[in-house]
>>> print(open('protein_21.cif').read())   # mmCIF, C-alpha atoms
data_start
loop_
_atom_site.label_atom_id
_atom_site.label_comp_id
_atom_site.auth_asym_id
_atom_site.auth_seq_id
_atom_site.Cartn_x
_atom_site.Cartn_y
_atom_site.Cartn_z
CA MET A 1 -5.11 -10.98 4.57
CA ASN A 2 -3.23 -10.88 1.29
CA LYS A 3 -0.31 -8.72 0.20
CA TYR A 4 -0.79 -6.48 -2.81
CA ASN A 5 1.12 -3.97 -4.87
CA LEU A 6 -0.87 -1.21 -6.45
CA LYS A 7 0.55 1.38 -8.85
CA ILE A 8 -1.41 4.50 -9.68
CA THR A 9 -0.63 7.46 -11.91
CA ILE A 10 -1.63 10.79 -10.36
CA LYS A 11 -2.16 13.72 -12.72
CA GLN A 12 -3.06 16.57 -10.33
CA PRO A 13 -2.40 17.42 -6.64
CA GLU A 14 -6.15 17.09 -5.97
CA GLU A 15 -5.93 13.44 -7.03
CA MET A 16 -3.23 12.87 -4.40
CA ILE A 17 -5.50 14.36 -1.71
CA ASN A 18 -8.38 12.20 -2.96
CA LEU A 19 -6.16 9.10 -2.89
CA GLY A 20 -5.45 9.73 0.79
CA TYR A 21 -9.16 10.24 1.38
CA ILE A 22 -9.99 6.91 -0.28
CA LEU A 23 -7.19 4.86 1.33
CA ALA A 24 -8.10 6.12 4.81
CA GLY A 25 -11.26 4.04 4.57
CA TYR A 26 -9.08 0.90 4.54
CA CYS A 27 -6.78 1.93 7.39
CA TYR A 28 -7.05 0.67 10.96
CA PRO A 29 -5.63 1.55 14.40
CA ASN A 30 -1.87 1.01 14.82
CA LEU A 31 -1.27 0.93 11.07
CA VAL A 32 1.88 2.69 9.89
CA ILE A 33 2.07 4.16 6.39
CA ALA A 34 5.72 4.54 5.42
CA LEU A 35 6.11 7.20 2.74
CA THR A 36 9.19 7.57 0.57
CA GLY A 37 9.86 9.41 -2.65
CA ASP A 38 11.16 12.50 -4.28
CA LEU A 39 11.30 15.84 -2.48
CA GLY A 40 8.04 17.66 -3.19
CA ALA A 41 6.40 14.57 -4.71
CA GLY A 42 3.25 14.78 -2.58
CA LYS A 43 3.85 12.96 0.71
CA THR A 44 2.30 15.76 2.77
CA THR A 45 -0.44 16.29 0.18
CA PHE A 46 -1.39 12.62 0.53
CA THR A 47 -1.51 13.05 4.33
CA LYS A 48 -3.87 16.01 3.91
CA GLY A 49 -6.34 13.66 2.20
CA ILE A 50 -6.16 11.22 5.11
CA GLY A 51 -6.71 14.13 7.51
CA LYS A 52 -9.70 15.34 5.52
CA ILE A 53 -11.72 12.13 5.96
CA LEU A 54 -10.61 11.79 9.59
CA GLY A 55 -12.14 15.21 10.27
CA ILE A 56 -8.93 16.94 11.32
CA LYS A 57 -9.60 20.65 11.56
CA LYS A 58 -6.00 21.83 11.97
CA ILE A 59 -3.90 22.61 8.93
CA ILE A 60 -1.77 19.60 8.03
CA ASN A 61 1.68 20.63 6.88
CA SER A 62 5.05 18.96 6.93
CA PRO A 63 6.47 18.43 10.43
CA THR A 64 10.05 18.63 9.11
CA PHE A 65 11.36 20.89 11.86
CA VAL A 66 9.38 19.40 14.76
CA ILE A 67 9.65 15.76 13.60
CA MET A 68 6.04 14.92 14.59
CA LYS A 69 2.58 16.43 14.82
CA ASN A 70 -0.37 14.79 16.58
CA TYR A 71 -3.94 15.34 15.46
CA GLU A 72 -7.21 14.36 17.13
CA CYS A 73 -9.71 12.89 14.69
CA GLU A 74 -13.30 14.12 14.82
CA ASN A 75 -14.35 11.29 12.49
CA LYS A 76 -13.36 7.93 13.95
CA ILE A 77 -12.93 5.99 10.71
CA ASN A 78 -12.45 2.27 11.51
CA GLY A 79 -11.71 3.18 15.15
CA ILE A 80 -8.82 5.55 14.39
CA ASP A 81 -8.93 8.44 16.84
CA LYS A 82 -5.49 10.01 16.33
CA LEU A 83 -3.19 10.76 13.44
CA PHE A 84 0.54 10.85 14.12
CA HIS A 85 2.31 12.60 11.23
CA LEU A 86 6.09 12.23 11.28
CA ASP A 87 8.74 13.65 8.99
CA VAL A 88 12.07 12.03 9.83
CA TYR A 89 14.05 13.78 7.08
CA ARG A 90 16.23 15.59 9.63
CA LEU A 91 17.11 12.44 11.59
CA SER A 92 20.39 10.79 10.75
CA ASP A 93 19.08 7.33 11.70
CA ALA A 94 16.55 5.47 13.84
CA LYS A 95 18.82 5.55 16.89
CA SER A 96 18.03 9.19 17.64
CA ASP A 97 16.82 10.41 21.02
CA PHE A 98 13.21 10.12 19.90
CA GLU A 99 11.18 7.10 21.03
CA LEU A 100 9.20 6.91 17.79
CA GLU A 101 8.18 3.28 18.18
CA GLU A 102 5.81 4.11 21.04
CA TYR A 103 3.54 5.98 18.64
CA PHE A 104 3.06 2.86 16.52
CA GLU A 105 0.93 1.28 19.28
CA LEU A 106 -1.35 4.10 20.51
CA ASP A 107 -4.42 3.08 18.46
CA GLY A 108 -3.86 5.86 15.97
CA LEU A 109 -2.75 5.94 12.37
CA THR A 110 0.91 6.83 11.89
CA ILE A 111 2.17 8.35 8.65
CA ILE A 112 5.94 8.70 8.28
CA GLU A 113 7.56 10.82 5.58
CA TRP A 114 11.10 9.72 4.60
CA ALA A 115 10.44 6.41 6.38
CA ASP A 116 13.44 4.70 4.77
CA ILE A 117 15.65 6.60 7.26
CA ILE A 118 14.16 4.60 10.16
CA ASN A 119 13.54 1.25 8.41
CA GLU A 120 14.98 -0.80 11.26
CA ILE A 121 12.33 0.32 13.77
CA LEU A 122 9.28 0.11 11.52
CA PRO A 123 6.63 -2.38 12.65
CA SER A 124 5.25 -5.29 10.64
CA ASN A 125 1.76 -3.72 10.31
CA LEU A 126 3.06 -1.46 7.61
CA TRP A 127 1.96 -0.08 4.26
CA LYS A 128 4.85 1.13 2.11
CA MET A 129 4.15 3.92 -0.36
CA ASN A 130 6.66 5.43 -2.76
CA ILE A 131 5.79 8.55 -4.72
CA SER A 132 7.86 9.38 -7.81
CA ASP A 133 7.75 12.76 -9.53
CA LEU A 134 7.16 12.23 -13.27
CA GLY A 135 7.13 15.97 -14.05
CA SER A 136 4.26 18.28 -15.04
CA ASN A 137 2.34 17.49 -11.81
CA LYS A 138 2.27 13.75 -12.68
CA ARG A 139 3.22 11.24 -10.01
CA MET A 140 3.58 7.47 -9.87
CA VAL A 141 2.38 6.03 -6.56
CA SER A 142 3.45 2.51 -5.67
CA LEU A 143 1.78 1.00 -2.62
CA ASP A 144 2.71 -2.32 -1.00
CA PHE A 145 0.02 -3.22 1.52
CA GLU A 146 -1.93 -6.01 3.17
CA VAL A 147 -5.73 -6.15 3.17
CA ALA A 148 -8.51 -8.68 2.90
CA GLU A 149 -9.31 -9.70 -0.68
CA ASP A 150 -12.80 -8.15 -0.53
CA ASN A 151 -11.32 -4.83 0.65
CA TYR A 152 -8.82 -4.95 -2.21
CA LYS A 153 -11.62 -5.46 -4.75
CA ASN A 154 -13.64 -2.64 -3.16
CA LEU A 155 -10.61 -0.35 -3.24
CA LEU A 156 -9.97 -1.08 -6.93
CA ASN A 157 -13.60 -0.37 -7.76
CA GLU A 158 -13.49 2.87 -5.80
CA LEU A 159 -10.31 4.00 -7.58
CA LYS A 160 -11.68 3.04 -11.00
CA GLY A 161 -14.84 5.02 -10.21
CA GLU A 162 -12.63 8.06 -9.62
CA ASN A 163 -10.90 7.46 -13.00
CA TYR A 164 -7.43 6.80 -11.63
CA GLU A 165 -4.96 5.25 -14.04
CA ILE A 166 -4.22 1.95 -12.30
CA ILE A 167 -1.48 -0.61 -12.82
CA TYR A 168 -1.89 -3.36 -10.23
CA TRP A 169 -1.10 -6.92 -9.39
CA PHE A 170 -1.34 -9.37 -6.54
CA PHE A 171 1.71 -10.71 -4.80
CA ASN A 172 2.22 -12.89 -1.77
#
>>> encode(input="protein_21.cif", output="structure tokens")
Amino acid sequence: MNKYNLKITIKQPEEMINLGYILAGYCYPNLVIALTGDLGAGKTTFTKGIGKILGIKKIINSPTFVIMKNYECENKINGIDKLFHLDVYRLSDAKSDFELEEYFELDGLTIIEWADIINEILPSNLWKMNISDLGSNKRMVSLDFEVAEDNYKNLLNELKGENYEIIYWFFN
């Protein structure tokens, strides 16, 4: 597996949902997606796209006040059967009373909003995504992730086919 950085310009909220939909096809059990970025930039909107392809029937909204929501997946994409959606915005640090690390190893996909708050407990099987608000519904998404080279090429082709504005490069 190789490490990559991918930067994408998003022009509409629907593109953020679609990005989640596309990236879910490259996710695997026990992967953690650590989301950071501006308030209202689209972290939950991205998660809705992941939930869409996983066949989650419940409404996905921000778990800010409950810290975490669990969803059963009707579509078992790449063996993922659960989605753990965390929003740790209200936590002061990773040393809270919550045992969040246990969810990283339950064969589900874990998405964490405001993940920088709990950096010290994040696992190594991690994709880091930062979403910056550029104004007028435009967003810059920067994703640091690890995938096989063939998957990376397939992902780029899929994104190009959807007409995303892509700035990308390989890094190791």
>>> resolve_selection(input="protein_21.cif", expression="the PyMOL selection byres ((chain A and resi 105-121) around 6)", output="ChimeraX atom specification")
/A:29-36,80-89,93-94,102-104,122
>>> residues_around(input="protein_21.cif", residues="Lys7 (chain A)", least_positions_apart="2", cutoff="7 Å", atoms="all atoms listed in the file", output="PyMOL selection string")
chain A and resi 5+9+140-143+166-168
>>> resolve_selection(input="protein_21.cif", expression="the PyMOL selection byres ((chain A and resi 77) around 8)", output="PyMOL selection string")
chain A and resi 24-25+28+53-54+75-76+78-81
>>> residues_around(input="protein_21.cif", residues="region 42-52 of chain A", least_positions_apart="6", cutoff="6 Å", atoms="only C-alpha atoms", output="PyMOL selection string")
chain A and resi 16-18+20-21+24+60+62
>>> atom_distance(input="protein_21.cif", atom1="CA of Gly37 (chain A)", atom2="CA of Ile131 (chain A)")
4.6 Å
>>> closest_residue(input="protein_21.cif", among="A:Glu146, A:Arg139, A:Lys69, A:Asn61", to="Ser124 (chain A)", atoms="only C-alpha atoms")
A:Glu146
>>> axis_aligned_box(input="protein_21.cif", around="region 112-129 of chain A", padding_each_side="6 Å", output="AutoDock Vina command-line options")
--center_x 8.7 --center_y 2.8 --center_z 6.7 --size_x 25.9 --size_y 28.1 --size_z 26.1
>>> atom_distance(input="protein_21.cif", atom1="CA of Leu6 (chain A)", atom2="CA of Gly55 (chain A)")
26.0 Å
>>> resolve_selection(input="protein_21.cif", expression="the PyMOL selection byres ((chain A and resi 1) around 8)", output="list in words")
Asn2, Lys3, Glu146, Val147, Ala148 and Glu149 of chain A
